[in-house]
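Enquirer: This is structure-v7.cif (mmCIF, C-alpha atoms and all ligand atoms).
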data_my_file
#
loop_
_atom_site.label_atom_id
_atom_site.label_comp_id
_atom_site.auth_asym_id
_atom_site.auth_seq_id
_atom_site.Cartn_x
_atom_site.Cartn_y
_atom_site.Cartn_z
CA MET V 1 -24.51 -28.42 19.66
CA ASN V 2 -20.80 -29.18 19.11
CA PRO V 3 -18.46 -26.90 21.03
CA ALA V 4 -16.53 -24.51 18.76
CA MET V 5 -13.30 -25.79 17.22
CA ARG V 6 -10.35 -24.14 18.93
CA ALA V 7 -7.32 -23.02 16.94
CA VAL V 8 -3.94 -21.69 18.12
CA VAL V 9 -2.30 -19.35 15.59
CA THR V 10 1.36 -18.52 16.25
CA GLY V 11 2.42 -15.25 14.65
CA GLY V 12 -1.26 -14.31 14.66
CA ALA V 13 -0.57 -10.57 14.81
CA GLY V 14 1.50 -10.60 11.63
CA PHE V 15 0.41 -9.84 8.08
CA LEU V 16 -0.77 -13.35 7.17
CA GLY V 17 -1.48 -14.49 10.73
CA SER V 18 -3.95 -11.69 11.36
CA HIS V 19 -5.89 -12.39 8.14
CA LEU V 20 -5.95 -16.06 9.11
CA CYS V 21 -7.23 -15.32 12.65
CA GLU V 22 -9.96 -13.11 11.20
CA ARG V 23 -11.19 -15.79 8.77
CA LEU V 24 -11.08 -18.53 11.43
CA VAL V 25 -13.18 -16.36 13.80
CA ASP V 26 -15.63 -15.72 10.92
CA LEU V 27 -15.89 -19.49 10.40
CA GLY V 28 -16.90 -19.94 14.06
CA TYR V 29 -13.54 -21.07 15.45
CA GLU V 30 -12.32 -19.96 18.86
CA VAL V 31 -8.90 -18.48 18.15
CA LEU V 32 -5.96 -18.09 20.49
CA CYS V 33 -3.43 -15.79 18.85
CA LEU V 34 0.18 -15.96 20.07
CA ASP V 35 2.71 -13.35 18.99
CA ASN V 36 5.78 -11.71 20.53
CA LEU V 37 5.20 -8.66 18.29
CA LEU V 38 8.77 -8.73 16.95
CA THR V 39 7.55 -8.15 13.40
CA GLY V 40 3.81 -8.47 14.14
CA ASN V 41 1.66 -5.57 15.29
CA GLU V 42 -1.28 -5.37 17.69
CA GLN V 43 -2.97 -2.94 15.26
CA ASN V 44 -3.49 -5.89 12.89
CA ILE V 45 -5.76 -7.63 15.41
CA ALA V 46 -7.24 -4.58 17.19
CA HIS V 47 -10.60 -5.16 15.47
CA LEU V 48 -10.75 -8.74 16.81
CA LEU V 49 -9.97 -8.01 20.46
CA GLY V 50 -13.61 -7.31 21.38
CA ASN V 51 -14.78 -10.64 19.92
CA SER V 52 -15.48 -13.31 22.55
CA ARG V 53 -14.11 -16.00 20.22
CA PHE V 54 -10.71 -14.28 19.97
CA ARG V 55 -7.92 -14.01 22.52
CA PHE V 56 -4.42 -12.58 22.19
CA LEU V 57 -1.46 -13.68 24.28
CA LYS V 58 1.86 -11.85 23.94
CA GLN V 59 4.09 -14.88 23.83
CA ASP V 60 7.42 -15.88 22.30
CA VAL V 61 6.78 -19.33 20.84
CA THR V 62 10.41 -20.34 21.35
CA GLU V 63 9.67 -20.23 25.10
CA ARG V 64 7.59 -22.81 26.94
CA MET V 65 3.95 -22.76 25.81
CA GLU V 66 1.30 -23.74 28.31
CA ILE V 67 -2.17 -23.60 26.86
CA ASP V 68 -5.18 -24.56 28.98
CA GLY V 69 -8.06 -26.55 27.54
CA PRO V 70 -8.55 -28.46 24.30
CA VAL V 71 -6.97 -27.41 21.00
CA ASP V 72 -8.13 -28.78 17.64
CA ALA V 73 -5.61 -27.09 15.35
CA VAL V 74 -2.19 -25.44 15.69
CA LEU V 75 -1.25 -23.16 12.79
CA HIS V 76 2.41 -22.14 13.02
CA PHE V 77 2.92 -18.78 11.30
CA ALA V 78 5.43 -17.13 13.63
CA SER V 79 8.59 -15.99 11.80
CA PRO V 80 10.13 -12.89 10.29
CA ALA V 81 9.31 -13.38 6.60
CA SER V 82 10.50 -10.36 4.65
CA PRO V 83 14.12 -10.57 3.40
CA ILE V 84 15.08 -7.35 5.19
CA ASP V 85 13.54 -8.66 8.43
CA TYR V 86 15.24 -12.01 8.42
CA LEU V 87 18.57 -10.47 7.43
CA ASP V 88 18.16 -8.08 10.37
CA LEU V 89 16.98 -10.81 12.77
CA PRO V 90 19.04 -13.87 11.73
CA ILE V 91 19.21 -15.67 15.08
CA GLN V 92 15.55 -15.05 15.94
CA THR V 93 14.60 -16.37 12.47
CA LEU V 94 16.62 -19.56 12.92
CA ASN V 95 15.27 -19.94 16.45
CA VAL V 96 11.59 -19.58 15.63
CA GLY V 97 11.91 -21.90 12.63
CA SER V 98 13.66 -24.60 14.68
CA VAL V 99 12.87 -24.33 18.42
CA GLY V 100 9.57 -22.52 17.77
CA THR V 101 8.40 -25.18 15.33
CA HIS V 102 9.43 -27.92 17.76
CA LYS V 103 7.41 -26.28 20.58
CA ALA V 104 4.38 -25.77 18.32
CA LEU V 105 4.53 -29.44 17.24
CA ALA V 106 4.84 -30.57 20.86
CA LEU V 107 1.70 -28.58 21.63
CA ALA V 108 -0.16 -30.24 18.74
CA LYS V 109 1.00 -33.67 19.93
CA GLU V 110 -0.02 -32.99 23.55
CA LYS V 111 -3.47 -31.75 22.50
CA LYS V 112 -3.96 -34.33 19.70
CA ALA V 113 -4.51 -31.37 17.39
CA ARG V 114 -3.98 -30.97 13.67
CA PHE V 115 -0.78 -29.06 12.82
CA LEU V 116 -0.20 -26.74 9.87
CA LEU V 117 3.27 -25.35 9.11
CA ALA V 118 3.59 -22.09 7.20
CA SER V 119 6.56 -22.93 4.99
CA THR V 120 7.76 -21.00 1.99
CA SER V 121 8.75 -21.03 -1.66
CA GLU V 122 12.22 -20.12 -0.32
CA VAL V 123 12.74 -23.84 0.36
CA TYR V 124 13.28 -24.04 -3.44
CA GLY V 125 16.05 -21.39 -3.16
CA ASP V 126 17.16 -20.06 -6.56
CA PRO V 127 15.26 -22.74 -8.47
CA LEU V 128 16.65 -24.54 -11.50
CA VAL V 129 13.15 -25.82 -12.37
CA ASN V 130 10.36 -23.42 -13.29
CA PRO V 131 7.49 -23.52 -12.30
CA GLN V 132 8.29 -25.36 -9.08
CA PRO V 133 6.29 -28.51 -8.26
CA GLU V 134 6.31 -29.77 -4.66
CA SER V 135 8.51 -32.69 -5.75
CA TYR V 136 11.42 -30.32 -6.58
CA TRP V 137 14.11 -30.42 -3.87
CA GLY V 138 15.41 -26.92 -4.46
CA ASN V 139 18.71 -25.12 -4.96
CA VAL V 140 19.54 -23.45 -1.66
CA ASN V 141 22.84 -21.89 -0.60
CA PRO V 142 23.19 -23.24 2.95
CA ILE V 143 25.66 -20.52 4.07
CA GLY V 144 24.40 -17.44 2.19
CA PRO V 145 22.63 -14.55 3.92
CA ARG V 146 19.18 -15.93 3.03
CA SER V 147 20.02 -19.32 4.54
CA VAL V 148 18.82 -18.18 7.99
CA TYR V 149 15.27 -18.25 6.61
CA ASP V 150 15.55 -20.94 3.93
CA GLU V 151 17.27 -23.50 6.13
CA ALA V 152 15.11 -22.70 9.16
CA LYS V 153 12.02 -23.46 7.06
CA ARG V 154 13.61 -26.58 5.60
CA PHE V 155 14.38 -27.75 9.14
CA ALA V 156 10.79 -26.86 10.10
CA GLU V 157 9.49 -29.09 7.29
CA ALA V 158 11.81 -31.92 8.37
CA ILE V 159 10.73 -31.82 12.03
CA THR V 160 7.08 -31.58 10.97
CA MET V 161 7.52 -34.78 8.94
CA ALA V 162 9.31 -36.43 11.87
CA TYR V 163 6.36 -35.66 14.16
CA ARG V 164 4.04 -37.06 11.48
CA ARG V 165 6.05 -40.27 11.05
CA TYR V 166 7.07 -40.94 14.64
CA TYR V 167 4.20 -39.48 16.67
CA GLN V 168 1.36 -39.75 14.13
CA VAL V 169 0.54 -36.04 14.43
CA ASP V 170 -1.86 -35.04 11.64
CA THR V 171 0.38 -32.50 9.88
CA ARG V 172 0.04 -30.30 6.81
CA ILE V 173 2.70 -28.09 5.18
CA VAL V 174 1.88 -25.09 3.03
CA ARG V 175 4.63 -23.56 0.90
CA ILE V 176 3.60 -19.94 0.60
CA PHE V 177 4.63 -17.98 -2.49
CA ASN V 178 4.88 -14.16 -2.64
CA THR V 179 1.70 -12.76 -1.12
CA TYR V 180 0.56 -9.15 -0.85
CA GLY V 181 -2.39 -7.15 0.42
CA PRO V 182 -3.63 -4.86 3.18
CA ARG V 183 -1.69 -4.94 6.49
CA MET V 184 1.71 -5.28 4.88
CA ARG V 185 3.90 -2.79 6.69
CA PRO V 186 4.89 0.25 4.61
CA ASN V 187 8.52 -0.38 5.64
CA ASP V 188 8.24 -4.16 5.27
CA GLY V 189 10.88 -4.08 2.54
CA ARG V 190 9.06 -6.39 0.15
CA VAL V 191 8.67 -5.41 -3.45
CA VAL V 192 4.91 -4.75 -3.55
CA SER V 193 4.83 -2.54 -0.44
CA ASN V 194 8.06 -0.73 -1.40
CA PHE V 195 6.84 0.06 -4.93
CA ILE V 196 3.39 1.22 -3.77
CA VAL V 197 4.83 3.51 -1.08
CA GLN V 198 7.40 4.90 -3.54
CA ALA V 199 4.73 5.49 -6.20
CA LEU V 200 2.34 7.21 -3.76
CA GLU V 201 5.18 9.42 -2.51
CA ARG V 202 6.12 10.18 -6.14
CA ARG V 203 9.64 8.88 -5.56
CA PRO V 204 11.48 6.61 -8.02
CA LEU V 205 10.67 2.90 -7.78
CA MET V 206 13.88 1.07 -6.86
CA ILE V 207 14.32 -2.07 -8.91
CA TYR V 208 17.03 -4.41 -7.62
CA GLY V 209 19.17 -5.70 -10.48
CA ASN V 210 17.79 -5.24 -14.00
CA GLY V 211 14.23 -6.22 -13.03
CA SER V 212 14.13 -9.28 -15.27
CA GLN V 213 13.80 -11.63 -12.25
CA THR V 214 10.30 -13.06 -11.94
CA ARG V 215 7.83 -13.54 -9.10
CA SER V 216 4.18 -14.64 -8.99
CA PHE V 217 2.03 -12.54 -6.67
CA CYS V 218 -0.94 -13.91 -4.74
CA TYR V 219 -3.57 -11.69 -3.13
CA VAL V 220 -3.91 -12.36 0.59
CA SER V 221 -7.58 -13.45 0.57
CA ASP V 222 -6.79 -16.14 -2.02
CA LEU V 223 -3.86 -17.39 0.03
CA ILE V 224 -5.95 -17.61 3.21
CA SER V 225 -8.69 -19.53 1.35
CA GLY V 226 -6.07 -22.06 0.26
CA ILE V 227 -4.75 -22.44 3.81
CA LEU V 228 -8.28 -22.92 5.18
CA SER V 229 -8.95 -25.62 2.57
CA LEU V 230 -5.74 -27.33 3.64
CA ILE V 231 -6.41 -27.29 7.39
CA GLN V 232 -9.98 -28.53 6.80
CA ALA V 233 -9.03 -31.29 4.33
CA GLU V 234 -9.58 -34.92 5.36
CA PRO V 235 -6.52 -36.57 6.94
CA GLY V 236 -4.67 -39.06 4.78
CA ASP V 237 -1.53 -39.78 2.79
CA ALA V 238 -2.05 -36.77 0.48
CA MET V 239 -1.42 -34.56 3.53
CA ALA V 240 2.10 -35.99 3.92
CA ILE V 241 3.27 -33.97 0.92
CA PRO V 242 3.49 -30.16 1.09
CA PHE V 243 1.13 -27.94 -0.90
CA ASN V 244 2.26 -24.94 -2.94
CA ILE V 245 -0.21 -22.11 -2.45
CA GLY V 246 0.29 -19.05 -4.61
CA ASN V 247 -0.76 -17.41 -7.83
CA PRO V 248 0.85 -19.03 -10.90
CA GLU V 249 0.76 -15.85 -12.99
CA GLU V 250 4.47 -15.13 -13.35
CA ARG V 251 5.78 -11.67 -14.21
CA THR V 252 9.01 -9.72 -14.03
CA VAL V 253 9.72 -7.26 -11.24
CA ARG V 254 10.01 -4.55 -13.92
CA ASN V 255 6.52 -5.36 -15.18
CA LEU V 256 5.20 -5.13 -11.60
CA ALA V 257 6.78 -1.69 -11.23
CA TRP V 258 5.02 -0.42 -14.37
CA ARG V 259 1.65 -1.88 -13.26
CA ILE V 260 1.95 -0.05 -9.94
CA ILE V 261 2.92 3.21 -11.64
CA ALA V 262 -0.10 2.87 -13.96
CA LEU V 263 -2.59 1.98 -11.20
CA THR V 264 -1.47 4.75 -8.83
CA GLY V 265 -1.26 7.29 -11.67
CA SER V 266 2.14 8.25 -10.27
CA PRO V 267 4.71 10.33 -12.17
CA SER V 268 7.48 8.16 -10.59
CA ALA V 269 10.34 6.85 -12.71
CA ILE V 270 12.25 3.61 -12.26
CA GLU V 271 15.80 3.39 -10.90
CA ALA V 272 18.17 0.46 -10.54
CA ARG V 273 19.85 -0.73 -7.33
CA ASP V 274 22.19 -3.66 -6.63
CA LEU V 275 20.60 -7.10 -6.65
CA PRO V 276 20.70 -8.74 -3.17
CA VAL V 277 22.94 -11.82 -2.79
CA ASP V 278 21.25 -15.09 -3.90
CA ASP V 279 18.10 -13.28 -5.07
CA PRO V 280 16.11 -16.00 -6.90
CA LYS V 281 15.98 -15.36 -10.67
CA VAL V 282 12.60 -17.00 -11.18
CA ARG V 283 9.72 -18.11 -8.97
CA CYS V 284 6.36 -19.54 -9.92
CA PRO V 285 4.24 -22.14 -8.14
CA ASP V 286 2.95 -25.27 -9.83
CA ILE V 287 -0.44 -25.47 -8.05
CA THR V 288 -1.70 -28.69 -9.67
CA ARG V 289 -1.86 -30.51 -6.31
CA ALA V 290 -3.79 -27.72 -4.59
CA LYS V 291 -6.24 -27.59 -7.52
CA ASN V 292 -6.77 -31.35 -7.71
CA ILE V 293 -6.73 -32.29 -4.04
CA LEU V 294 -8.03 -29.16 -2.28
CA GLY V 295 -10.20 -27.86 -5.12
CA TRP V 296 -8.55 -24.46 -4.61
CA ARG V 297 -7.41 -21.90 -7.13
CA PRO V 298 -6.72 -18.15 -6.84
CA GLU V 299 -9.48 -15.80 -7.98
CA VAL V 300 -8.11 -12.27 -7.58
CA ASP V 301 -6.04 -11.03 -10.50
CA LEU V 302 -3.05 -8.75 -10.03
CA ASP V 303 -4.72 -5.47 -11.01
CA GLN V 304 -7.71 -6.15 -8.73
CA GLY V 305 -5.46 -7.07 -5.81
CA LEU V 306 -3.11 -4.15 -6.38
CA ARG V 307 -6.06 -1.70 -6.42
CA LEU V 308 -7.20 -2.98 -3.00
CA THR V 309 -3.66 -2.82 -1.63
CA ILE V 310 -3.04 0.66 -3.02
CA ALA V 311 -6.29 1.86 -1.37
CA HIS V 312 -5.03 0.47 1.96
CA PHE V 313 -1.69 2.29 1.66
CA ARG V 314 -3.38 5.54 0.58
CA LYS V 315 -5.46 5.43 3.79
CA GLN V 316 -2.36 4.83 5.88
CA THR V 317 -0.37 7.65 4.36
CA SER V 318 -3.18 10.23 4.18
N1 LIG T 401 12.83 -6.01 -5.13
C1 LIG T 401 13.00 -4.83 -5.85
N2 LIG T 401 12.80 -3.66 -5.20
C2 LIG T 401 12.41 -3.59 -3.89
C3 LIG T 401 12.23 -4.79 -3.18
C4 LIG T 401 12.45 -5.99 -3.84
O1 LIG T 401 13.33 -4.86 -7.03
O2 LIG T 401 12.22 -2.47 -3.38
C5 LIG T 401 13.01 -7.30 -5.85
C6 LIG T 401 13.86 -8.33 -5.12
O3 LIG T 401 15.22 -8.18 -5.43
C7 LIG T 401 13.27 -9.64 -5.62
C8 LIG T 401 11.78 -9.31 -5.83
O4 LIG T 401 11.72 -7.90 -5.96
O5 LIG T 401 13.83 -10.00 -6.84
C9 LIG T 401 10.89 -9.77 -4.70
O6 LIG T 401 11.45 -9.32 -3.50
P1 LIG T 401 10.74 -9.45 -2.09
O7 LIG T 401 11.68 -8.87 -1.08
O8 LIG T 401 9.37 -8.90 -2.14
O9 LIG T 401 10.57 -11.02 -1.82
P2 LIG T 401 11.38 -12.33 -2.25
O10 LIG T 401 10.58 -12.93 -3.34
O11 LIG T 401 12.77 -11.97 -2.70
O12 LIG T 401 11.39 -13.13 -1.00
#
Output the file's structure in the form of structure tokens.
Ligand code: UDP
Expert:
Amino acid sequence: MNPAMRAVVTGGAGFLGSHLCERLVDLGYEVLCLDNLLTGNEQNIAHLLGNSRFRFLKQDVTERMEIDGPVDAVLHFASPASPIDYLDLPIQTLNVGSVGTHKALALAKEKKARFLLASTSEVYGDPLVNPQPESYWGNVNPIGPRSVYDEAKRFAEAITMAYRRYYQVDTRIVRIFNTYGPRMRPNDGRVVSNFIVQALERRPLMIYGNGSQTRSFCYVSDLISGILSLIQAEPGDAMAIPFNIGNPEERTVRNLAWRIIALTGSPSAIEARDLPVDDPKVRCPDITRAKNILGWRPEVDLDQGLRLTIAHFRKQTS
């Protein structure tokens, strides 16, 4: 029998990282989860700790990483990812995107492992093209408050490509669009968690700006399926180009607020707050490449996904 594939997941105790660890363990992988718990939480992986195929190491990935034994895949998910987190932790965000990505790539090179970078739709900035295909270079303010995240991820993509070109590391880049689901923190600051908590607490839902800005929301299980397809895809030239993974159903933030009010049955009203600086006006993934090359498409529609997420938050607040 072949020994189990061994995967290292940085940021494995975070929202996406923990779902990824869980699915990799289910698929038979041995998983080593690294996290410094800056925005991650041990609660997210508590149910995995008793599994012999899962191990957690409290580790800052910007420090030296020494991992014993073979590694088949390195999946680099460590980073603050919510706008309020990266605005609060600007230097750590730049550091994990640059130094942390470099260290994670060096580990993949040393172990001759596959490498997957969790990048972001933020590399497109405030896009002038909608929907965004992977070939779009973006419209990013390099000195605005969001630049600590956007430019860190753009650097992370550049160094990933350098390791691919110069060291022949088998790399893959996923550009993750807005994703939601269980294990988002209630105080995460992102729109879906904020609106659900506000609706359940019967407080007004705070829309930033006039709510006409758009986003496209992907349920977490769909996103993880896309990432698993990408890490398991055959090596080759197609892997040299990033993959957008997200749900292409675009809607306004105001429409999202009304869906959440309807699905929670909340009496909450809607109130307006200032729009954050450089808040993208539109965002929608073109997922043609993921469909054609990975054979992946999202399956969970917004109402279904919101119901599951609302149930999770109800449990947490009851
Ligand atoms: N937003 C909002 N109310 C909130 C949180 C966010 O109206 O309580 C808006 C925000 O200005 C943005 C969109 O919702 O236009 C998505 O914000 P989020 O922070 O979830 O992620 P982003 O897509 O900006 O990274």
Enquirer: Measuring between only C-alpha atoms, which one of V:Leu223, V:Val197, V:Ile287, V:Leu16 shows the shortest distance to Pro80 (chain V)?
Expert: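 Of V:Leu223, V:Val197, V:Ile287, V:Leu16, the one nearest Pro80 (chain V), counting only C-alpha atoms, is V:Leu16.
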Enquirer: Kindly compile the residues surrounding ligand LIG 401 (chain T) within 7 Å, counting only C-alpha atoms and all ligand atoms, and format them as a PyMOL selection string.
Expert: chain V and resi 82-83+178+189-192+194-195+206-209+211+213-215+253+275-276+279-281
Enquirer: Which neighbours of region 266-268 of chain V fall inside 12 Å, counting all atoms listed in the file, when residues of the same chain fewer than 2 positions from it are skipped, and could you give them as a list in words?
Expert: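 Counting only the stated atoms, we get Phe195, Ile196, Val197, Gln198, Ala199, Leu200, Glu201, Arg202, Arg203, Pro204, Leu205, Met206, Ala257, Trp258, Arg259, Ile260, Ile261, Ala262, Leu263, Thr264, Ile270, Glu271 and Ile310 of chain V.
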Enquirer: Quick one: distance from CA of Pro285 (chain V) to CA of Asn244 (chain V) in Å, one decimal?
Expert: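 Between CA of Pro285 (chain V) and CA of Asn244 (chain V) the gap is 6.2 Å.
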Enquirer: Excluding Leu107 (chain V) and any residue of its chain fewer than 4 positions from it, enumerate the residues within 8 Å of it, using all atoms listed in the file, and give them as a PyMOL selection string.
Expert: chain V and resi 65+74+103+111
Enquirer: Rounded to one decimal, what separation in Å do you get between CA of Asp286 (chain V) and CA of Leu27 (chain V)?
Expert: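 CA of Leu27 (chain V) lies at a distance of 28.2 Å from CA of Asp286 (chain V).
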Enquirer: Determine the nearest neighbour of Tyr219 (chain V) from the options V:Tyr86, V:Phe54, V:Tyr124, V:Phe177, counting only C-alpha atoms.
Expert: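 Answer, going by the shortest atom-to-atom distance: V:Phe177.
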Enquirer: Show me the residues around (4.0, -19.1, 7.7) - criterion: an atom at most 8 Å away, all atoms listed in the file counted - as a PyMOL selection string.
Expert: chain V and resi 16-17+76-79+81+117-120+174+176
Enquirer: Between CA of Thr93 (chain V) and CA of Val148 (chain V), what distance in Å does the model show, to one decimal?
Expert: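 Interatomic distance, CA of Thr93 (chain V) to CA of Val148 (chain V): 6.4 Å.
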Enquirer: Using all atoms listed in the file, find the one residue out of V:Ala104, V:Ile84, V:Leu32, V:Leu49 that sits nearest to Glu63 (chain V).
Expert: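 Using all atoms listed in the file, the shortest distance to Glu63 (chain V) belongs to V:Ala104.
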Enquirer: Calculated over only C-alpha atoms, which of the candidates V:Glu134, V:Glu110, V:Glu66, V:Glu151 has the smallest distance to Tyr163 (chain V)?
Expert: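 Ranked by minimum distance to Tyr163 (chain V), first place goes to V:Glu110.
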Enquirer: Do a neighbour search on Gln43 (chain V) at 12 Å with all atoms listed in the file, toss out local chain neighbours closer than 3 positions, and write the hits as a list in words.
Expert: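 Counting all atoms listed in the file, the residues come to Gly12, Ala13, Gly14, Phe15, Ser18, Leu37, Thr39, Gly40, Ala46, His47, Leu48, Leu49, Phe56, Arg183, Met184 and Arg185 of chain V.
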Enquirer: Which residue gives the smallest distance to Thr309 (chain V) among V:Phe155, V:Tyr180, V:Tyr149, V:Trp137, with all atoms listed in the file counted?
Expert: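 Closest to Thr309 (chain V), using all atoms listed in the file: V:Tyr180.
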Enquirer: With all atoms listed in the file as the atoms that count, which of V:Ile245, V:Met239, V:Ala156, V:Ala4 lies nearest to Ser216 (chain V)?
Expert: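 Using all atoms listed in the file, the shortest distance to Ser216 (chain V) belongs to V:Ile245.
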Enquirer: Hey, what's within 9 Å of Leu57 (chain V) if we count all atoms listed in the file and toss same-chain stuff fewer than 5 positions away? As number ranges by chain, please?
Expert: V: 32-36
Enquirer: Go ahead and dump the residues you just picked, C-alpha atoms, as a compact mmCIF listing (two decimals), in the coordinates of the input.
Expert:
# COMPACT_ATOMS: atom_id res chain seq x y z
CA LEU V 32 -5.96 -18.09 20.49
CA CYS V 33 -3.43 -15.79 18.85
CA LEU V 34 0.18 -15.96 20.07
CA ASP V 35 2.71 -13.35 18.99
CA ASN V 36 5.78 -11.71 20.53
Enquirer: Considering only C-alpha atoms, return as a list in words whatever protein or nucleic-acid residues lie within 12 Å of Asp26 (chain V), sequence-local ones (same chain, fewer than 5 positions apart) excluded.
Expert: Ala4, His19, Leu20, Cys21, Val31, Leu48, Asn51, Ser52, Arg53, Phe54 and Leu228 of chain V
